Structure formats: C-alpha cells, structure tokens
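Listing of data21.csv; format and content: CSV, C-alpha atoms.
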```csv
chain,number,residue,atom,x,y,z
A,1,MET,CA,8.0,-37.2,12.5
A,2,ALA,CA,9.0,-39.8,9.9
A,3,THR,CA,12.2,-39.3,7.9
A,4,GLY,CA,13.7,-41.0,4.9
A,5,ASP,CA,10.5,-42.0,3.2
A,6,GLY,CA,8.8,-40.0,0.4
A,7,PRO,CA,10.1,-38.8,-2.9
A,8,THR,CA,13.8,-38.3,-3.5
A,9,PRO,CA,15.3,-34.7,-3.8
A,10,LEU,CA,15.4,-35.0,-7.6
A,11,GLU,CA,11.7,-36.2,-7.7
A,12,ARG,CA,10.8,-33.3,-5.5
A,13,PHE,CA,12.6,-30.8,-7.7
A,14,ILE,CA,11.1,-32.1,-10.9
A,15,ASN,CA,7.6,-32.5,-9.5
A,16,GLY,CA,7.4,-28.8,-8.5
A,17,ILE,CA,8.1,-27.5,-12.0
A,18,LEU,CA,5.4,-29.2,-14.1
A,19,PRO,CA,3.7,-32.4,-12.6
A,20,GLU,CA,2.8,-30.6,-9.4
A,21,ASN,CA,3.0,-27.0,-10.7
A,22,PRO,CA,1.7,-24.6,-7.9
A,23,THR,CA,-0.4,-22.5,-10.3
A,24,TYR,CA,-1.8,-25.0,-12.8
A,25,ARG,CA,-1.8,-28.3,-10.8
A,26,GLN,CA,-2.2,-27.3,-7.1
A,27,ILE,CA,-4.0,-24.1,-7.9
A,28,LEU,CA,-2.3,-22.4,-4.9
A,29,GLY,CA,-1.0,-18.8,-4.6
A,30,ILE,CA,-3.7,-17.6,-6.9
A,31,CYS,CA,-4.2,-14.3,-5.2
A,32,PRO,CA,-0.7,-12.9,-6.0
A,33,THR,CA,-0.9,-14.7,-9.4
A,34,LEU,CA,-3.9,-12.7,-10.4
A,35,ALA,CA,-2.8,-9.4,-8.7
A,36,VAL,CA,0.8,-8.9,-9.8
A,37,SER,CA,0.8,-10.5,-13.2
A,38,ASN,CA,0.1,-7.5,-15.4
A,39,SER,CA,3.8,-6.9,-16.0
A,40,MET,CA,6.8,-9.3,-16.2
A,41,GLU,CA,8.8,-7.1,-13.9
A,42,SER,CA,6.4,-7.2,-10.9
A,43,ALA,CA,5.6,-10.9,-11.6
A,44,MET,CA,9.3,-11.9,-11.5
A,45,THR,CA,9.9,-9.8,-8.4
A,46,MET,CA,7.1,-11.6,-6.7
A,47,ALA,CA,8.4,-14.9,-7.9
A,48,ALA,CA,11.9,-14.1,-6.5
A,49,ALA,CA,10.4,-13.0,-3.1
A,50,VAL,CA,8.4,-16.2,-2.9
A,51,ALA,CA,11.4,-18.3,-3.9
A,52,PHE,CA,13.5,-16.7,-1.1
A,53,VAL,CA,10.8,-17.2,1.5
A,54,LEU,CA,10.1,-20.7,0.4
A,55,LEU,CA,13.7,-21.8,0.4
A,56,GLY,CA,14.4,-20.1,3.8
A,57,SER,CA,11.3,-21.6,5.5
A,58,ASN,CA,11.7,-25.1,4.0
A,59,VAL,CA,15.4,-25.2,5.2
A,60,VAL,CA,14.6,-24.0,8.7
A,61,VAL,CA,11.6,-26.2,9.1
A,62,SER,CA,13.5,-29.2,7.9
A,63,LEU,CA,16.4,-28.5,10.3
A,64,ILE,CA,14.0,-28.4,13.3
A,65,ARG,CA,11.7,-31.2,12.1
A,66,GLY,CA,12.7,-33.5,14.9
A,67,LEU,CA,11.6,-31.0,17.5
A,68,LEU,CA,8.2,-30.2,16.1
A,69,ARG,CA,5.1,-31.0,18.2
A,70,PRO,CA,2.1,-31.9,16.1
A,71,HIS,CA,-0.3,-29.5,17.7
A,72,LEU,CA,2.2,-26.5,17.5
A,73,ARG,CA,3.6,-27.2,14.1
A,74,ILE,CA,1.4,-24.7,12.1
A,75,LEU,CA,2.4,-22.0,14.6
A,76,VAL,CA,6.1,-22.7,14.0
A,77,PHE,CA,5.6,-22.7,10.2
A,78,THR,CA,3.8,-19.4,10.3
A,79,LEU,CA,6.4,-17.8,12.6
A,80,THR,CA,9.2,-19.0,10.3
A,81,ILE,CA,7.5,-17.8,7.1
A,82,ALA,CA,6.6,-14.4,8.7
A,83,ALA,CA,10.3,-13.8,9.6
A,84,PHE,CA,11.5,-14.5,6.1
A,85,VAL,CA,8.7,-12.4,4.5
A,86,THR,CA,9.6,-9.4,6.7
A,87,ILE,CA,13.2,-9.7,5.5
A,88,ALA,CA,12.1,-9.9,1.9
A,89,ASP,CA,9.8,-6.9,2.4
A,90,ARG,CA,12.5,-4.7,4.0
A,91,PHE,CA,15.0,-5.7,1.3
A,92,LEU,CA,12.6,-4.6,-1.4
A,93,ALA,CA,11.9,-1.3,0.4
A,94,ALA,CA,15.6,-0.7,0.7
A,95,TYR,CA,16.9,-1.7,-2.8
A,96,MET,CA,13.8,-1.7,-5.0
A,97,TYR,CA,11.7,1.1,-3.5
A,98,GLU,CA,9.5,1.8,-6.6
A,99,MET,CA,8.8,-1.9,-7.0
A,100,SER,CA,8.1,-2.3,-3.3
A,101,LYS,CA,5.5,0.5,-3.5
A,102,LYS,CA,4.0,-1.1,-6.7
A,103,LEU,CA,3.6,-4.5,-5.0
A,104,GLY,CA,2.3,-2.8,-1.9
A,105,PRO,CA,0.6,-5.3,0.5
A,106,TYR,CA,1.2,-8.3,-1.7
A,107,VAL,CA,4.7,-8.8,-0.3
A,108,PRO,CA,3.5,-9.0,3.3
A,109,LEU,CA,0.7,-11.2,2.1
A,110,ILE,CA,3.2,-13.9,1.1
A,111,ILE,CA,2.8,-14.9,4.7
A,112,VAL,CA,-0.6,-16.4,3.9
A,113,ASN,CA,0.5,-17.8,0.5
A,114,CYS,CA,-0.6,-21.4,0.7
A,115,ILE,CA,2.3,-22.7,-1.5
A,116,ILE,CA,4.8,-22.1,1.3
A,117,ILE,CA,2.8,-23.5,4.3
A,118,ALA,CA,1.9,-26.5,2.1
A,119,ARG,CA,5.5,-27.2,1.3
A,120,CYS,CA,6.5,-27.0,5.0
A,121,GLU,CA,3.7,-29.4,5.9
A,122,VAL,CA,4.1,-31.8,3.0
A,123,CYS,CA,7.8,-31.9,2.5
A,124,ALA,CA,10.1,-29.9,4.9
A,125,ALA,CA,8.5,-31.3,8.2
A,126,LYS,CA,9.1,-34.8,7.0
A,127,GLN,CA,12.3,-34.9,4.9
A,128,SER,CA,16.0,-34.0,4.9
A,129,VAL,CA,17.3,-30.5,4.3
A,130,LEU,CA,18.5,-31.6,0.8
A,131,ALA,CA,15.0,-32.8,-0.2
A,132,ALA,CA,13.4,-29.7,1.3
A,133,SER,CA,15.8,-27.4,-0.6
A,134,ALA,CA,15.2,-29.3,-3.9
A,135,ASP,CA,11.5,-29.1,-3.2
A,136,ALA,CA,11.6,-25.4,-2.5
A,137,ILE,CA,13.6,-24.7,-5.7
A,138,GLY,CA,11.4,-26.9,-7.9
A,139,GLN,CA,8.2,-25.3,-6.5
A,140,SER,CA,9.6,-21.8,-6.9
A,141,LEU,CA,10.5,-22.5,-10.5
A,142,GLY,CA,7.0,-23.9,-11.0
A,143,PHE,CA,5.5,-20.7,-9.5
A,144,ALA,CA,7.8,-18.5,-11.5
A,145,LEU,CA,6.7,-20.4,-14.7
A,146,GLY,CA,3.1,-20.0,-13.8
A,147,LEU,CA,3.4,-16.3,-13.2
A,148,ALA,CA,5.6,-15.7,-16.3
A,149,SER,CA,3.1,-17.4,-18.6
A,150,ILE,CA,0.3,-15.2,-17.4
A,151,ALA,CA,2.3,-12.0,-17.1
A,152,THR,CA,3.8,-12.5,-20.7
A,153,ILE,CA,0.3,-12.7,-22.2
A,154,ARG,CA,-1.1,-9.8,-20.2
A,155,GLU,CA,1.9,-7.4,-20.7
A,156,VAL,CA,2.3,-8.1,-24.4
A,157,LEU,CA,-1.4,-7.7,-25.1
A,158,GLY,CA,-2.1,-5.0,-22.6
A,159,PHE,CA,1.0,-2.7,-23.0
A,160,GLY,CA,2.5,-4.1,-26.2
A,161,THR,CA,5.8,-4.7,-24.3
A,162,TRP,CA,7.6,-7.5,-22.5
A,163,PHE,CA,9.8,-6.7,-19.5
A,164,GLY,CA,9.3,-3.1,-20.6
A,165,LEU,CA,10.8,-3.8,-24.0
A,166,PRO,CA,8.6,-3.0,-27.0
A,167,VAL,CA,7.1,-6.0,-28.8
A,168,PHE,CA,4.2,-4.5,-30.7
A,169,SER,CA,4.4,-1.0,-32.1
A,170,HIS,CA,1.8,1.4,-30.7
A,171,SER,CA,1.1,2.6,-34.3
A,172,TRP,CA,-0.9,-0.6,-35.1
A,173,TRP,CA,-1.4,-2.4,-31.8
A,174,PRO,CA,-4.4,-1.0,-29.8
A,175,ALA,CA,-3.1,-2.2,-26.4
A,176,TRP,CA,-6.0,-4.0,-24.8
A,177,VAL,CA,-6.4,-2.2,-21.5
A,178,VAL,CA,-8.6,-5.0,-20.2
A,179,MET,CA,-5.6,-7.3,-20.0
A,180,ILE,CA,-3.9,-5.0,-17.5
A,181,LEU,CA,-7.0,-4.7,-15.4
A,182,PRO,CA,-8.2,-7.4,-13.0
A,183,PRO,CA,-10.6,-9.0,-15.6
A,184,GLY,CA,-7.6,-9.7,-17.8
A,185,ALA,CA,-6.0,-11.8,-15.0
A,186,PHE,CA,-9.1,-14.0,-14.7
A,187,ILE,CA,-9.5,-14.4,-18.5
A,188,THR,CA,-5.8,-15.3,-19.0
A,189,LEU,CA,-5.6,-17.7,-16.0
A,190,GLY,CA,-8.9,-19.4,-17.0
A,191,LEU,CA,-7.8,-20.0,-20.6
A,192,LEU,CA,-4.3,-21.1,-19.7
A,193,MET,CA,-5.6,-23.5,-17.0
A,194,GLY,CA,-8.1,-24.9,-19.5
A,195,ALA,CA,-5.2,-25.4,-22.0
A,196,ALA,CA,-3.0,-27.0,-19.3
A,197,ASN,CA,-5.8,-29.4,-18.4
A,198,TRP,CA,-6.5,-30.2,-22.0
A,199,ILE,CA,-2.9,-31.0,-22.8
A,200,GLY,CA,-2.5,-33.0,-19.5
A,201,ALA,CA,-5.6,-35.0,-20.4
A,202,ALA,CA,-4.3,-35.6,-24.0
A,203,TRP,CA,-0.9,-36.8,-22.6
A,204,ALA,CA,-2.6,-39.1,-20.1
A,205,LYS,CA,-4.8,-40.6,-22.9
A,206,ARG,CA,-1.7,-41.2,-25.1
A,207,ALA,CA,0.2,-42.8,-22.3
A,208,SER,CA,-2.6,-45.2,-21.4
A,209,ALA,CA,-3.3,-46.1,-25.1
B,210,MET,CA,-6.6,-31.5,27.3
B,211,ASN,CA,-4.7,-31.8,30.5
B,212,VAL,CA,-1.5,-29.8,30.4
B,213,SER,CA,0.4,-31.9,32.9
B,214,ASP,CA,0.0,-34.9,30.6
B,215,LYS,CA,2.2,-33.1,28.1
B,216,GLY,CA,4.8,-31.8,30.5
B,217,GLY,CA,3.8,-28.2,31.1
B,218,TYR,CA,3.5,-25.2,28.8
B,219,ILE,CA,7.2,-24.4,28.7
B,220,LYS,CA,8.2,-27.9,27.7
B,221,GLN,CA,5.6,-27.8,24.9
B,222,ALA,CA,6.2,-24.3,23.7
B,223,TRP,CA,10.0,-23.8,24.2
B,224,LEU,CA,10.6,-24.2,20.5
B,225,VAL,CA,8.1,-21.5,19.6
B,226,LEU,CA,9.6,-19.1,22.2
B,227,ALA,CA,13.2,-19.8,21.1
B,228,LEU,CA,12.4,-19.3,17.5
B,229,GLY,CA,10.5,-16.1,18.3
B,230,GLY,CA,13.7,-14.8,20.0
B,231,CYS,CA,16.0,-15.9,17.2
B,232,PHE,CA,13.7,-14.4,14.4
B,233,GLY,CA,13.2,-11.2,16.5
B,234,ALA,CA,17.0,-10.8,16.7
B,235,ALA,CA,17.4,-11.5,13.0
B,236,LEU,CA,14.8,-8.9,12.1
B,237,ALA,CA,16.4,-6.3,14.4
B,238,GLY,CA,19.6,-7.0,12.6
B,239,VAL,CA,17.9,-6.5,9.2
B,240,HIS,CA,16.3,-3.3,10.4
B,241,ALA,CA,19.6,-2.0,11.7
B,242,GLY,CA,21.3,-2.8,8.4
B,243,LEU,CA,18.5,-1.5,6.0
B,244,GLY,CA,16.6,1.1,8.1
B,245,GLY,CA,18.8,4.0,7.0
B,246,ARG,CA,18.5,3.1,3.4
B,247,ILE,CA,14.7,2.8,3.6
B,248,GLN,CA,14.5,6.2,5.3
B,249,ALA,CA,16.7,7.7,2.5
B,250,ASN,CA,14.4,6.2,-0.2
B,251,LYS,CA,11.3,7.7,1.6
B,252,LEU,CA,13.1,11.1,1.9
B,253,ALA,CA,13.9,11.1,-1.8
B,254,ASP,CA,10.3,10.1,-2.6
B,255,THR,CA,9.0,12.9,-0.4
B,256,LEU,CA,11.3,15.6,-1.9
B,257,GLY,CA,10.3,14.3,-5.4
B,258,GLN,CA,6.6,14.7,-4.7
B,259,ILE,CA,6.8,18.4,-3.5
B,260,PRO,CA,6.5,20.0,-7.0
B,261,SER,CA,3.3,18.0,-7.6
B,262,LEU,CA,1.8,18.7,-4.2
B,263,VAL,CA,2.3,22.5,-4.1
B,264,PRO,CA,1.7,24.4,-7.4
B,265,GLY,CA,4.7,26.4,-8.5
B,266,ALA,CA,7.2,24.7,-6.1
B,267,VAL,CA,10.5,23.4,-7.4
B,268,GLU,CA,11.9,22.0,-4.2
B,269,GLY,CA,11.4,21.6,-0.5
B,270,LYS,CA,13.5,22.8,2.5
B,271,ALA,CA,13.3,20.7,5.6
B,272,GLU,CA,12.3,22.5,8.8
B,273,VAL,CA,11.2,21.4,12.3
B,274,ARG,CA,7.8,22.6,13.5
B,275,ILE,CA,5.7,21.3,16.3
B,276,GLY,CA,8.5,18.9,17.0
B,277,ARG,CA,8.1,17.3,13.6
B,278,PRO,CA,9.8,17.8,10.2
B,279,VAL,CA,7.9,19.8,7.6
B,280,TYR,CA,9.0,21.0,4.2
B,281,ARG,CA,8.9,24.6,3.1
B,282,ALA,CA,8.1,24.5,-0.6
B,283,VAL,CA,9.9,27.2,-2.6
B,284,ASP,CA,9.7,28.3,-6.2
B,285,SER,CA,12.7,28.9,-8.5
B,286,ALA,CA,13.2,32.4,-7.1
B,287,GLY,CA,13.4,31.0,-3.5
B,288,ARG,CA,10.0,32.4,-2.4
B,289,CYS,CA,7.9,30.3,-0.1
B,290,VAL,CA,4.8,29.1,-2.1
B,291,GLY,CA,3.5,26.5,0.4
B,292,TRP,CA,4.2,23.7,2.8
B,293,VAL,CA,4.4,19.9,2.7
B,294,LEU,CA,3.5,18.1,5.9
B,295,PRO,CA,4.4,14.5,6.5
B,296,ALA,CA,1.7,12.9,8.6
B,297,ALA,CA,0.9,9.3,9.7
B,298,GLY,CA,-1.8,7.5,11.6
B,299,GLN,CA,-3.5,4.1,12.0
B,300,GLY,CA,-5.4,2.9,8.9
B,301,PHE,CA,-7.7,-0.1,8.6
B,302,ALA,CA,-4.7,-2.6,8.3
B,303,ASP,CA,-1.5,-0.8,9.2
B,304,ARG,CA,-0.1,2.7,9.6
B,305,ILE,CA,-0.8,5.1,6.7
B,306,GLN,CA,1.9,7.7,5.9
B,307,LEU,CA,0.8,10.8,4.0
B,308,LEU,CA,2.3,14.0,2.5
B,309,ILE,CA,-0.1,16.9,2.7
B,310,GLY,CA,0.4,20.0,0.5
B,311,LEU,CA,-0.7,23.4,1.7
B,312,ASP,CA,-0.5,26.9,0.3
B,313,ALA,CA,1.8,29.5,1.9
B,314,GLN,CA,-0.7,30.8,4.4
B,315,ALA,CA,-2.0,27.2,5.1
B,316,ARG,CA,-5.5,28.3,4.0
B,317,THR,CA,-6.1,25.7,1.3
B,318,ILE,CA,-5.0,22.1,0.8
B,319,THR,CA,-3.1,21.9,-2.5
B,320,GLY,CA,-2.5,18.2,-2.8
B,321,LEU,CA,-2.2,14.8,-1.0
B,322,TYR,CA,0.1,11.9,-1.6
B,323,VAL,CA,0.2,8.4,0.0
B,324,LEU,CA,3.8,7.6,1.0
B,325,GLU,CA,3.0,4.2,2.5
B,326,GLN,CA,-0.1,2.1,3.1
B,327,LYS,CA,-1.0,-1.6,3.4
B,328,GLU,CA,-4.8,-1.3,3.1
B,329,THR,CA,-6.9,-4.1,1.6
B,330,PRO,CA,-6.1,-4.6,-2.1
B,331,GLY,CA,-8.9,-3.5,-4.4
B,332,LEU,CA,-10.7,-1.6,-1.6
B,333,GLY,CA,-8.7,0.4,0.9
B,334,ASN,CA,-5.6,0.7,-1.3
B,335,ARG,CA,-7.6,2.8,-3.7
B,336,VAL,CA,-6.9,5.8,-1.4
B,337,GLU,CA,-3.5,6.1,-3.2
B,338,GLU,CA,-5.2,6.5,-6.6
B,339,PRO,CA,-4.8,10.1,-7.9
B,340,ALA,CA,-8.6,10.3,-8.6
B,341,TRP,CA,-9.4,9.7,-4.9
B,342,ARG,CA,-6.6,11.7,-3.2
B,343,GLY,CA,-7.1,14.5,-5.8
B,344,GLN,CA,-10.4,15.3,-4.0
B,345,PHE,CA,-8.4,17.0,-1.2
B,346,ALA,CA,-6.8,19.5,-3.5
B,347,GLY,CA,-8.6,22.9,-3.3
B,348,LYS,CA,-10.4,22.1,0.0
B,349,LEU,CA,-10.3,24.8,2.7
B,350,ALA,CA,-7.9,24.0,5.5
B,351,SER,CA,-9.8,26.1,8.1
B,352,ARG,CA,-12.3,23.4,9.1
B,353,PRO,CA,-12.1,19.6,9.4
B,354,LEU,CA,-13.1,17.7,6.3
B,355,ALA,CA,-15.9,15.1,6.6
B,356,VAL,CA,-16.3,11.8,4.9
B,357,THR,CA,-19.5,11.2,3.0
B,358,LYS,CA,-21.0,8.3,1.1
B,359,ALA,CA,-23.2,10.7,-1.0
B,360,ASP,CA,-22.5,10.6,-4.7
B,361,LYS,CA,-22.0,14.4,-4.9
B,362,PRO,CA,-19.8,15.4,-2.0
B,363,GLY,CA,-20.4,19.0,-0.9
B,364,GLU,CA,-17.9,21.7,0.2
B,365,GLY,CA,-15.7,20.4,2.9
B,366,GLU,CA,-16.7,16.8,2.1
B,367,ILE,CA,-14.7,13.8,0.8
B,368,HIS,CA,-16.4,11.0,-1.1
B,369,ALA,CA,-15.5,7.7,0.6
B,370,VAL,CA,-14.0,4.8,-1.4
B,371,THR,CA,-16.8,2.3,-1.9
B,372,GLY,CA,-16.3,-0.6,0.5
B,373,ALA,CA,-13.5,1.2,2.4
B,374,THR,CA,-15.1,3.7,4.6
B,375,ILE,CA,-12.6,3.1,7.4
B,376,SER,CA,-9.6,3.6,5.2
B,377,SER,CA,-11.2,6.8,3.8
B,378,GLN,CA,-12.0,8.1,7.3
B,379,SER,CA,-8.5,7.3,8.5
B,380,VAL,CA,-6.8,9.3,5.8
B,381,THR,CA,-9.2,12.2,6.3
B,382,ASP,CA,-8.6,12.1,10.1
B,383,ILE,CA,-4.8,12.1,9.6
B,384,VAL,CA,-5.2,15.1,7.3
B,385,ASN,CA,-7.5,17.0,9.6
B,386,ASP,CA,-5.3,16.4,12.6
B,387,ALA,CA,-2.0,17.4,10.9
B,388,VAL,CA,-3.5,20.4,9.2
B,389,ALA,CA,-5.1,21.8,12.4
B,390,LYS,CA,-1.9,21.3,14.4
B,391,PHE,CA,0.2,23.0,11.7
B,392,ARG,CA,-2.2,25.9,11.3
B,393,GLY,CA,-2.1,26.5,15.0
B,394,GLU,CA,1.7,26.5,15.0
B,395,LEU,CA,1.9,28.7,12.0
B,396,SER,CA,-0.4,31.4,13.4
B,397,ALA,CA,1.3,31.2,16.8
B,398,SER,CA,4.7,31.8,15.2
B,399,SER,CA,3.5,34.6,13.0
B,400,GLU,CA,2.1,36.5,16.0
B,401,ARG,CA,5.3,36.2,17.9
```
Structure encoded using structure tokens:
Amino acid sequence: MATGDGPTPLERFINGILPENPTYRQILGICPTLAVSNSMESAMTMAAAVAFVLLGSNVVVSLIRGLLRPHLRILVFTLTIAAFVTIADRFLAAYMYEMSKKLGPYVPLIIVNCIIIARCEVCAAKQSVLAASADAIGQSLGFALGLASIATIREVLGFGTWFGLPVFSHSWWPAWVVMILPPGAFITLGLLMGAANWIGAAWAKRASA
Amino acid sequence: MNVSDKGGYIKQAWLVLALGGCFGAALAGVHAGLGGRIQANKLADTLGQIPSLVPGAVEGKAEVRIGRPVYRAVDSAGRCVGWVLPAAGQGFADRIQLLIGLDAQARTITGLYVLEQKETPGLGNRVEEPAWRGQFAGKLASRPLAVTKADKPGEGEIHAVTGATISSQSVTDIVNDAVAKFRGELSASSER
C-alpha cells in the first residue's frame, strides 16, 4: 500500500466537514440519517457513536495498513468496525439504557454504515495515523452536521422543541406530526439536499466567473 | 487461484486470525466491565414495567420457578394479583426478550412488553409497539395462541405485523412456550 501521497491531515479534516460532507456530498449513511433524525438527542447520540467507531477503525486500519493484503482488506475492515460497534452498543446499553432502546437496531447497523468502510478504504488504508485521525474527526463532524440540520428542522416543526427544550408554545404551534414520522425525514432531507446543491452550484458559478 | 502461489492459508490470513483474537479479548473485557450494569438496567426496566403488565400491581417480588426467575406481582396490600414472566427466544434477526403478564391463577394474559429486540426496522420492530403487543392482553392462557394474517383475528388469534410474519410468529411462540411451562409448574405446585 502506498503511503505519503494524498491529501494532508488538515485537508482531510476540512474536506470531511463541508466539501466532502458525508450526508450532502457523498450521500452515505442515509439509512441512520433518515431513521434517527426526529429528535436532536437521538441524532447526536448516533453521531457520537459513529464518530467513536470511525475514529477507532481509522486508527487501527492505519496502524496495520502495511500488513493488509488486497483480497482480504474488506474482511479486516469489517472485523475492525464490528468490534468498535459492539463496544459502542454495550456502552450505550450500560450508561444510556433508554436511548439504547430507542435507537434499537440502528446502533448495531453502524457496522454496515458506508461512511466508515469508505474512510478505511479511501484514507486509513493508505495514509498515516495522523491523516486517518484527522479524516475521521472531519468526516464525523460532517456527519454530525448533516444529522443536526435534519434533526433540528424535524424536532422543531414536529414537537415544537429542540433537544427537548421548548421552542414553540403548544398553544399556537400545531406540531406537524408528519415531520416526526418517516415521510418527514424524506421531505426534509430532499429539500435540504436540493438547497445544498443549489448553493454549491451558485458558489461554483461565482468562482468561475 | 492457486493457494501455494500465495504462501498458504495461514500466511495469508494470519492478520485476520490475530485481529479476531485481539478483538474477541477486547469485547470479553468490555462485557466483563459493563455486563453487570447492563443487567441492572434491564432489571430496573423489568420491575418498572410490572404495574403496566398486571392490573392493580404496584411492585414485583422475584422468585425462582422452573429454574428461571419470575416476578410475583403484588398490590399495595401485598396480595398476589398476578405474575410477570421473563421469556426469550430466537426472532427473525436476533434474540427477542419479552415480559409476559398473567393474572394470579395464570388463566389470562394481562400484558406483554418487549424488553429487547433487534428485528428489521420498520417491519419486525413493530412488535414492540403498544398497539401490536396490546393484542395479547385479555387472551386466554389455557391454549396456545395462533398467528393469523386475517384482518379480524378471532379468539385465540394474534394479527401478524404486515411484512413481519416470522417476527410475529417468534413472539407468539415464545409467549406460548413460557406460559405453558409456567402454568404446568403453577398447577403442580398448588397440588403439592
């Protein structure tokens, strides 16, 4: 495996947040994005669990990158990711039991979250631990940003609250139940992704003009 | 592909085997550290559910019957008003853990609660919704319940979750099995 080439740690970190945002640019990890974004609390727990797993697997894969064999690398990535996901799942069951029940199978399903295996393949298997860590933190922040943007709109419109704190009074806000339900996730993600693409296109036009 | 060209299976796969061993040890350590706490959380959840599973109950007292723990649900005067049985079995994806509420004579099911499940999101995981598990309340415990796809389930029938017949069947089987065993034990102990 080649080392040294590729973006610097700082570039990796910055790219993950906006230019290569997992939700709006790579469109990865959409299953948990749709499923757990009806409240900020569950969205941020999911983002933290993904950040832990991503950082752990990126560091381990980067440390052993010289030993990887091309035809067995996906097996090694999956094994590493599964170990960290199980730790995250047990931790939630021990210290955040209610949230663990609420997230249900979505925590074990982080194993098949494509953001993580993509980062192992694209960055950690080829670059130093420093670059892989910076990449993991940048991508995790990007994913948290994507989840937070959707969860904020859904929770505020659906419950009239944000992180459980009242934003709109129930006396005049009808609380759009559809925003909490699955259709609200698709509507919100679709509109936000449209907006992100429109802004991105406008910036690109200005830069080339 | 000729294996000998690559230097044998062990030479190729040693990293996978070594990592498997390391991660296995790490997970055993995590379980040793957190297992007790997770069990305590589940116990608190179980005890907290007893009033909603057995009408009139205020708390549960742990007992051991048929070699497994059960909870005697008592009212505020300390009288036995029912039983709560923890039961588990294989679901569609992973083990399902249930709490089954019964009346004092174990004649009628009074409630059902899903303690843990990892069924398919949107399909099988609907077994934990109150509307679905509420079907069990009021059913006779004397004969096994059957799963049906008919719109209007009859006496002794449970309407399957659409698209999740196996999850529905698994939950019903776990309930039937646990209830039958417990009724056998209860009648045997009362004759003694």
Residue among B:Lys327, B:Gln314, B:Ala302, B:Gly230 lying closest to chain A, counting only C-alpha atoms: B:Lys327
Contacts of B:Leu308 at 6 Å (all atoms listed in the file; same-chain gap of 2+ positions) as a list in words: Leu294, Pro295, Leu321 and Tyr322 of chain B
Sel. within 10 Å of pt (3.8, 18.3, -3.1), counting only C-alpha atoms, output as a list in words: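 So the residues meeting the distance criterion are Thr255, Leu256, Gly257, Gln258, Ile259, Pro260, Ser261, Leu262, Val263, Pro264, Gly265, Ala266, Val267, Glu268, Gly269, Tyr280, Ala282, Gly291, Trp292, Val293, Leu294, Leu308, Ile309, Gly310, Leu311, Thr319, Gly320, Leu321 and Tyr322 of chain B.
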Where does chain A meet chain B within 7 Å, residue by residue, with the nearest atom pair and distance in Å to one decimal for each, counting all atoms listed in the file, listed by chain and rising number, as CSV?
```
residue,atom,partner,partner_atom,distance
A:Val76,CA,B:Val225,CA,6.1
A:Ala83,CA,B:Phe232,CA,5.9
A:Ile87,CA,B:Val239,CA,6.8
A:Ala93,CA,B:Ile247,CA,5.9
A:Ala94,CA,B:Ile247,CA,4.6
A:Tyr97,CA,B:Asn250,CA,6.6
A:Gly104,CA,B:Lys327,CA,6.4
A:Pro105,CA,B:Lys327,CA,5.0
```
Store the residues of this selection in a file with C-alpha atoms, as a PDB file, in the coordinates of the input.
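Written output follows (again-v2.pdb):
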```pdb
ATOM      1  CA  VAL A  76       6.100 -22.700  14.000  1.00  0.00           C
ATOM      2  CA  ALA A  83      10.300 -13.800   9.600  1.00  0.00           C
ATOM      3  CA  ILE A  87      13.200  -9.700   5.500  1.00  0.00           C
ATOM      4  CA  ALA A  93      11.900  -1.300   0.400  1.00  0.00           C
ATOM      5  CA  ALA A  94      15.600  -0.700   0.700  1.00  0.00           C
ATOM      6  CA  TYR A  97      11.700   1.100  -3.500  1.00  0.00           C
ATOM      7  CA  GLY A 104       2.300  -2.800  -1.900  1.00  0.00           C
ATOM      8  CA  PRO A 105       0.600  -5.300   0.500  1.00  0.00           C
TER       9      PRO A 105
END
```
Contacts of stretch 185-197 of chain A within 12 Å, only C-alpha atoms, excl. fewer than 2 positions in-chain, as number ranges by chain: A: 18-19, 21-27, 30-39, 146-155, 157-158, 177-183, 199-204
Pairwise distance for atom CA of A:Val50 and atom CA of A:Ile116, rounded to one decimal in Å: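 Between atom CA of A:Val50 and atom CA of A:Ile116 the gap is 8.1 Å.
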Separation of atom CA of A:Ser128 from atom CA of A:Gly29, in Å and rounded to one decimal: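 Computing it gives 24.7 Å between the two atoms.
Distance check against B:Ala346 using all atoms listed in the file: of B:Leu252, B:Ile367, B:Ile275, B:Leu395, the minimum falls on B:Ile367.
Going from atom CA of A:Leu54 to atom CA of A:Glu121 covers 12.1 Å.
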Residues within 12 Å of A:Leu165, only C-alpha atoms, excluding chain neighbours under 4 positions, as a list in words: Ser39, Met40, Glu41, Thr152, Glu155, Val156, Phe159, Gly160, Thr161 and Ser169 of chain A
Who sits within 8 Å of A:Gly16, only C-alpha atoms, same chain under 3 positions skipped, as a list of chain:residue names: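 Counting only the stated atoms, we get A:Arg12, A:Phe13, A:Pro19, A:Glu20, A:Asn21, A:Pro22, A:Asp135, A:Ile137, A:Gly138, A:Gln139, A:Ser140, A:Leu141, A:Gly142.
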Using all atoms listed in the file: which of A:Ala124, A:Ile81, A:Met96, A:Val60 has the shortest distance to A:Pro7: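 Selected residue with least distance to A:Pro7: A:Ala124.
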